[in-house]
Amino acid sequence: MSKDWYSIIDKEKCTGCLKCVEFCPHGILAEGEDGKAEVVNPDACVTFCRGCQKGACDFGAISYFGEK
Ligand code: SF4
Ligand code: SF4
């Protein structure tokens, strides 16, 4: 994978509210088999977006590959 920015879900912190799945308009996130959010399409994640982290997740479960 050559992508330099994509969301990462901390499964310990994720409650499975799935707000981020609904929030992201790019189809990056989906419900995983464990009922929690999963990154399914990292290549389409918008570089430096942070939308799901700031606008959806109330549990601090989202971070990003590529952030400093
Ligand atoms: S918004 Fe946060 S807690 Fe809810 S499913 Fe997404 S990562 Fe998990
Ligand atoms: S950072 Fe933006 S594009 Fe990437 S998963 Fe979150 S809302 Fe979607």
# chains A, B, ... in the order shown; residues from 1 in each chain; ligands from 1
call {"tool": "select_by_dssp", "arguments": {"residues": "chain A", "states": "strand (DSSP E or B)", "output": "VMD selection string"}}
result
chain A and resid 6 to 9 29 to 31 37 to 39 62 to 65
call {"tool": "write_last_selection", "arguments": {"atoms": "all heavy atoms", "output": "mmCIF file, in the first residue's frame"}}
result
data_model
loop_
_atom_site.group_PDB
_atom_site.id
_atom_site.type_symbol
_atom_site.label_atom_id
_atom_site.label_comp_id
_atom_site.auth_asym_id
_atom_site.auth_seq_id
_atom_site.Cartn_x
_atom_site.Cartn_y
_atom_site.Cartn_z
ATOM 1 N N TYR A 6 -4.359 7.434 6.138
ATOM 2 C CA TYR A 6 -5.655 6.742 6.264
ATOM 3 C C TYR A 6 -5.971 6.519 7.732
ATOM 4 O O TYR A 6 -5.091 6.517 8.589
ATOM 5 C CB TYR A 6 -5.688 5.425 5.481
ATOM 6 C CG TYR A 6 -4.567 4.467 5.793
ATOM 7 C CD1 TYR A 6 -4.662 3.556 6.840
ATOM 8 C CD2 TYR A 6 -3.398 4.483 5.037
ATOM 9 C CE1 TYR A 6 -3.635 2.679 7.124
ATOM 10 C CE2 TYR A 6 -2.356 3.612 5.313
ATOM 11 C CZ TYR A 6 -2.495 2.706 6.355
ATOM 12 O OH TYR A 6 -1.450 1.857 6.632
ATOM 13 N N SER A 7 -7.236 6.373 8.007
ATOM 14 C CA SER A 7 -7.680 6.234 9.380
ATOM 15 C C SER A 7 -7.324 4.870 9.957
ATOM 16 O O SER A 7 -7.231 3.874 9.241
ATOM 17 C CB SER A 7 -9.191 6.466 9.466
ATOM 18 O OG SER A 7 -9.855 5.718 8.486
ATOM 19 N N ILE A 8 -7.120 4.876 11.267
ATOM 20 C CA ILE A 8 -6.821 3.655 12.010
ATOM 21 C C ILE A 8 -7.806 3.593 13.176
ATOM 22 O O ILE A 8 -7.981 4.583 13.890
ATOM 23 C CB ILE A 8 -5.378 3.679 12.564
ATOM 24 C CG1 ILE A 8 -4.372 3.683 11.416
ATOM 25 C CG2 ILE A 8 -5.134 2.491 13.489
ATOM 26 C CD1 ILE A 8 -2.944 3.983 11.866
ATOM 27 N N ILE A 9 -8.461 2.473 13.367
ATOM 28 C CA ILE A 9 -9.415 2.318 14.458
ATOM 29 C C ILE A 9 -8.757 1.576 15.616
ATOM 30 O O ILE A 9 -8.218 0.486 15.444
ATOM 31 C CB ILE A 9 -10.652 1.505 14.005
ATOM 32 C CG1 ILE A 9 -11.289 2.094 12.737
ATOM 33 C CG2 ILE A 9 -11.668 1.397 15.150
ATOM 34 C CD1 ILE A 9 -11.854 3.473 12.875
ATOM 35 N N LEU A 29 -14.830 3.471 5.855
ATOM 36 C CA LEU A 29 -15.120 2.705 7.059
ATOM 37 C C LEU A 29 -16.392 1.874 6.900
ATOM 38 O O LEU A 29 -17.334 2.282 6.239
ATOM 39 C CB LEU A 29 -15.274 3.663 8.245
ATOM 40 C CG LEU A 29 -14.112 4.646 8.451
ATOM 41 C CD1 LEU A 29 -14.518 5.759 9.403
ATOM 42 C CD2 LEU A 29 -12.891 3.920 8.969
ATOM 43 N N ALA A 30 -16.392 0.715 7.529
ATOM 44 C CA ALA A 30 -17.574 -0.138 7.502
ATOM 45 C C ALA A 30 -17.631 -0.911 8.809
ATOM 46 O O ALA A 30 -16.664 -0.939 9.571
ATOM 47 C CB ALA A 30 -17.514 -1.102 6.327
ATOM 48 N N GLU A 31 -18.767 -1.528 9.074
ATOM 49 C CA GLU A 31 -18.893 -2.345 10.274
ATOM 50 C C GLU A 31 -18.147 -3.654 10.060
ATOM 51 O O GLU A 31 -18.380 -4.364 9.085
ATOM 52 C CB GLU A 31 -20.372 -2.629 10.564
ATOM 53 C CG GLU A 31 -20.555 -3.454 11.824
ATOM 54 C CD GLU A 31 -22.018 -3.693 12.157
ATOM 55 O OE1 GLU A 31 -22.892 -3.230 11.407
ATOM 56 O OE2 GLU A 31 -22.258 -4.361 13.178
ATOM 57 N N ALA A 37 -16.080 -0.502 14.058
ATOM 58 C CA ALA A 37 -15.667 0.105 12.794
ATOM 59 C C ALA A 37 -14.396 -0.558 12.273
ATOM 60 O O ALA A 37 -13.528 -0.975 13.050
ATOM 61 C CB ALA A 37 -15.439 1.593 12.986
ATOM 62 N N GLU A 38 -14.307 -0.642 10.968
ATOM 63 C CA GLU A 38 -13.144 -1.228 10.337
ATOM 64 C C GLU A 38 -12.782 -0.398 9.111
ATOM 65 O O GLU A 38 -13.662 0.110 8.428
ATOM 66 C CB GLU A 38 -13.502 -2.652 9.902
ATOM 67 C CG GLU A 38 -12.318 -3.559 9.749
ATOM 68 C CD GLU A 38 -12.760 -5.021 9.804
ATOM 69 O OE1 GLU A 38 -12.844 -5.576 10.919
ATOM 70 O OE2 GLU A 38 -13.044 -5.566 8.724
ATOM 71 N N VAL A 39 -11.497 -0.273 8.848
ATOM 72 C CA VAL A 39 -11.045 0.462 7.672
ATOM 73 C C VAL A 39 -11.061 -0.508 6.490
ATOM 74 O O VAL A 39 -10.310 -1.476 6.462
ATOM 75 C CB VAL A 39 -9.626 1.027 7.893
ATOM 76 C CG1 VAL A 39 -9.151 1.791 6.670
ATOM 77 C CG2 VAL A 39 -9.609 1.936 9.115
ATOM 78 N N ILE A 62 -10.179 7.013 16.876
ATOM 79 C CA ILE A 62 -9.658 7.162 15.519
ATOM 80 C C ILE A 62 -8.367 7.966 15.504
ATOM 81 O O ILE A 62 -8.291 9.055 16.067
ATOM 82 C CB ILE A 62 -10.694 7.842 14.601
ATOM 83 C CG1 ILE A 62 -11.993 7.029 14.578
ATOM 84 C CG2 ILE A 62 -10.136 7.983 13.179
ATOM 85 C CD1 ILE A 62 -13.101 7.657 13.744
ATOM 86 N N SER A 63 -7.364 7.398 14.887
ATOM 87 C CA SER A 63 -6.115 8.122 14.646
ATOM 88 C C SER A 63 -5.772 7.892 13.174
ATOM 89 O O SER A 63 -6.537 7.249 12.451
ATOM 90 C CB SER A 63 -5.005 7.612 15.570
ATOM 91 O OG SER A 63 -4.751 6.249 15.320
ATOM 92 N N TYR A 64 -4.644 8.397 12.737
ATOM 93 C CA TYR A 64 -4.320 8.305 11.314
ATOM 94 C C TYR A 64 -2.916 7.832 11.067
ATOM 95 O O TYR A 64 -1.971 8.315 11.704
ATOM 96 C CB TYR A 64 -4.535 9.668 10.634
ATOM 97 C CG TYR A 64 -5.963 10.117 10.775
ATOM 98 C CD1 TYR A 64 -6.324 10.996 11.785
ATOM 99 C CD2 TYR A 64 -6.948 9.588 9.957
ATOM 100 C CE1 TYR A 64 -7.638 11.360 11.968
ATOM 101 C CE2 TYR A 64 -8.273 9.940 10.128
ATOM 102 C CZ TYR A 64 -8.613 10.825 11.138
ATOM 103 O OH TYR A 64 -9.927 11.159 11.330
ATOM 104 N N PHE A 65 -2.798 6.924 10.134
ATOM 105 C CA PHE A 65 -1.493 6.580 9.623
ATOM 106 C C PHE A 65 -1.018 7.803 8.863
ATOM 107 O O PHE A 65 -1.762 8.347 8.069
ATOM 108 C CB PHE A 65 -1.574 5.380 8.669
ATOM 109 C CG PHE A 65 -0.263 5.059 8.024
ATOM 110 C CD1 PHE A 65 0.634 4.207 8.660
ATOM 111 C CD2 PHE A 65 0.090 5.616 6.811
ATOM 112 C CE1 PHE A 65 1.853 3.917 8.079
ATOM 113 C CE2 PHE A 65 1.323 5.346 6.229
ATOM 114 C CZ PHE A 65 2.210 4.495 6.864
#
call {"tool": "residues_near_ligand", "arguments": {"ligand": "ligand 2", "cutoff": "8 Å", "atoms": "only C-alpha atoms and all ligand atoms", "output": "list in words"}}
result
Tyr6, Ser7, Cys20, Phe23, Cys24, Pro25, His26, Gly27, Ile28, Leu29, Val39, Pro42, Ala44, Cys45, Val46, Thr47, Phe48, Cys49, Arg50, Gly51, Cys52, Gln53 and Tyr64 of chain A
call {"tool": "write_last_selection", "arguments": {"atoms": "C-alpha atoms", "output": "PDB file, in the first residue's frame"}}
result
ATOM      1  CA  TYR A   6      -5.655   6.742   6.264  1.00  0.00           C
ATOM      2  CA  SER A   7      -7.680   6.234   9.380  1.00  0.00           C
ATOM      3  CA  CYS A  20     -17.943   7.255  11.800  1.00  0.00           C
ATOM      4  CA  PHE A  23     -20.165  10.112   8.718  1.00  0.00           C
ATOM      5  CA  CYS A  24     -17.515   9.350   6.122  1.00  0.00           C
ATOM      6  CA  PRO A  25     -18.807  10.048   2.613  1.00  0.00           C
ATOM      7  CA  HIS A  26     -15.967   8.153   0.969  1.00  0.00           C
ATOM      8  CA  GLY A  27     -16.717   4.611   2.065  1.00  0.00           C
ATOM      9  CA  ILE A  28     -13.495   4.181   4.001  1.00  0.00           C
ATOM     10  CA  LEU A  29     -15.120   2.705   7.059  1.00  0.00           C
ATOM     11  CA  VAL A  39     -11.045   0.462   7.672  1.00  0.00           C
ATOM     12  CA  PRO A  42      -7.830   3.105   3.040  1.00  0.00           C
ATOM     13  CA  ALA A  44      -9.703   6.503  -0.788  1.00  0.00           C
ATOM     14  CA  CYS A  45      -9.198   8.252   2.573  1.00  0.00           C
ATOM     15  CA  VAL A  46      -8.661  11.971   2.011  1.00  0.00           C
ATOM     16  CA  THR A  47      -5.189  13.126   3.077  1.00  0.00           C
ATOM     17  CA  PHE A  48      -5.286  15.260   6.271  1.00  0.00           C
ATOM     18  CA  CYS A  49      -9.106  15.041   6.405  1.00  0.00           C
ATOM     19  CA  ARG A  50      -9.634  14.088  10.105  1.00  0.00           C
ATOM     20  CA  GLY A  51     -13.392  14.454   9.587  1.00  0.00           C
ATOM     21  CA  CYS A  52     -14.313  11.203  11.307  1.00  0.00           C
ATOM     22  CA  GLN A  53     -12.007  11.906  14.248  1.00  0.00           C
ATOM     23  CA  TYR A  64      -4.320   8.305  11.314  1.00  0.00           C
TER      24      TYR A  64
END
call {"tool": "residues_near_ligand", "arguments": {"ligand": "ligand 1", "cutoff": "6 Å", "atoms": "only C-alpha atoms and all ligand atoms", "output": "compact mmCIF listing (two decimals) with N, CA, C and O atoms, in the first residue's frame"}}
result
# COMPACT_ATOMS: atom_id res chain seq x y z
N ILE A 9 -8.46 2.47 13.37
CA ILE A 9 -9.41 2.32 14.46
C ILE A 9 -8.76 1.58 15.62
O ILE A 9 -8.22 0.49 15.44
N CYS A 14 -12.96 1.67 20.55
CA CYS A 14 -14.17 1.72 19.73
C CYS A 14 -15.32 1.01 20.45
O CYS A 14 -15.17 -0.10 20.94
N THR A 15 -16.47 1.69 20.48
CA THR A 15 -17.65 1.12 21.14
C THR A 15 -18.61 0.48 20.14
O THR A 15 -19.61 -0.12 20.53
N GLY A 16 -18.34 0.65 18.86
CA GLY A 16 -19.24 0.11 17.85
C GLY A 16 -20.46 0.98 17.59
O GLY A 16 -21.47 0.50 17.07
N CYS A 17 -20.36 2.26 17.90
CA CYS A 17 -21.50 3.15 17.67
C CYS A 17 -21.75 3.37 16.18
O CYS A 17 -22.84 3.69 15.76
N LEU A 18 -20.71 3.19 15.39
CA LEU A 18 -20.76 3.29 13.92
C LEU A 18 -21.10 4.68 13.38
O LEU A 18 -21.48 4.84 12.22
N LYS A 19 -20.95 5.66 14.23
CA LYS A 19 -21.17 7.04 13.80
C LYS A 19 -20.18 7.42 12.69
O LYS A 19 -20.51 8.13 11.74
N CYS A 20 -18.97 6.93 12.80
CA CYS A 20 -17.94 7.26 11.80
C CYS A 20 -18.27 6.63 10.45
O CYS A 20 -17.98 7.19 9.41
N LYS A 36 -17.61 -3.56 15.28
CA LYS A 36 -16.91 -2.28 15.44
C LYS A 36 -16.47 -1.76 14.08
O LYS A 36 -16.51 -2.49 13.08
N ALA A 37 -16.08 -0.50 14.06
CA ALA A 37 -15.67 0.11 12.79
C ALA A 37 -14.40 -0.56 12.27
O ALA A 37 -13.53 -0.97 13.05
N ALA A 56 -17.12 12.76 14.26
CA ALA A 56 -17.95 11.58 14.51
C ALA A 56 -17.60 10.84 15.80
O ALA A 56 -18.49 10.52 16.59
N CYS A 57 -16.33 10.57 16.02
CA CYS A 57 -15.99 9.69 17.14
C CYS A 57 -15.90 10.44 18.47
O CYS A 57 -15.12 11.35 18.63
N PHE A 59 -15.15 8.84 21.22
CA PHE A 59 -14.43 7.95 22.11
C PHE A 59 -12.92 7.92 21.88
O PHE A 59 -12.21 7.08 22.43
N ALA A 61 -11.23 6.97 19.38
CA ALA A 61 -10.78 5.69 18.83
C ALA A 61 -10.15 5.80 17.45
O ALA A 61 -9.66 4.81 16.91
N ILE A 62 -10.18 7.01 16.88
CA ILE A 62 -9.66 7.16 15.52
C ILE A 62 -8.37 7.97 15.50
O ILE A 62 -8.29 9.06 16.07
call {"tool": "select_by_dssp", "arguments": {"residues": "chain A", "states": "alpha helix (DSSP H)", "output": "compact mmCIF listing (two decimals) with N, CA, C and O atoms, in the first residue's frame"}}
result
# COMPACT_ATOMS: atom_id res chain seq x y z
N LYS A 19 -20.95 5.66 14.23
CA LYS A 19 -21.17 7.04 13.80
C LYS A 19 -20.18 7.42 12.69
O LYS A 19 -20.51 8.13 11.74
N CYS A 20 -18.97 6.93 12.80
CA CYS A 20 -17.94 7.26 11.80
C CYS A 20 -18.27 6.63 10.45
O CYS A 20 -17.98 7.19 9.41
N VAL A 21 -18.86 5.44 10.48
CA VAL A 21 -19.23 4.75 9.23
C VAL A 21 -20.26 5.58 8.48
O VAL A 21 -20.17 5.76 7.27
N GLU A 22 -21.23 6.10 9.22
CA GLU A 22 -22.25 6.95 8.62
C GLU A 22 -21.67 8.29 8.17
O GLU A 22 -22.07 8.85 7.17
N PHE A 23 -20.73 8.78 8.96
CA PHE A 23 -20.17 10.11 8.72
C PHE A 23 -19.33 10.20 7.45
O PHE A 23 -19.48 11.13 6.66
N GLY A 51 -11.95 14.23 9.39
CA GLY A 51 -13.39 14.45 9.59
C GLY A 51 -14.01 13.48 10.58
O GLY A 51 -14.75 13.88 11.48
N CYS A 52 -13.70 12.22 10.44
CA CYS A 52 -14.31 11.20 11.31
C CYS A 52 -13.82 11.34 12.74
O CYS A 52 -14.57 11.11 13.69
N GLN A 53 -12.58 11.73 12.91
CA GLN A 53 -12.01 11.91 14.25
C GLN A 53 -12.65 13.09 14.97
O GLN A 53 -13.02 13.01 16.12
N LYS A 54 -12.81 14.19 14.24
CA LYS A 54 -13.31 15.41 14.84
C LYS A 54 -14.83 15.48 14.84
O LYS A 54 -15.44 16.03 15.75
N GLY A 55 -15.46 14.94 13.81
CA GLY A 55 -16.90 15.10 13.65
C GLY A 55 -17.75 13.91 14.03
O GLY A 55 -18.97 14.02 14.12
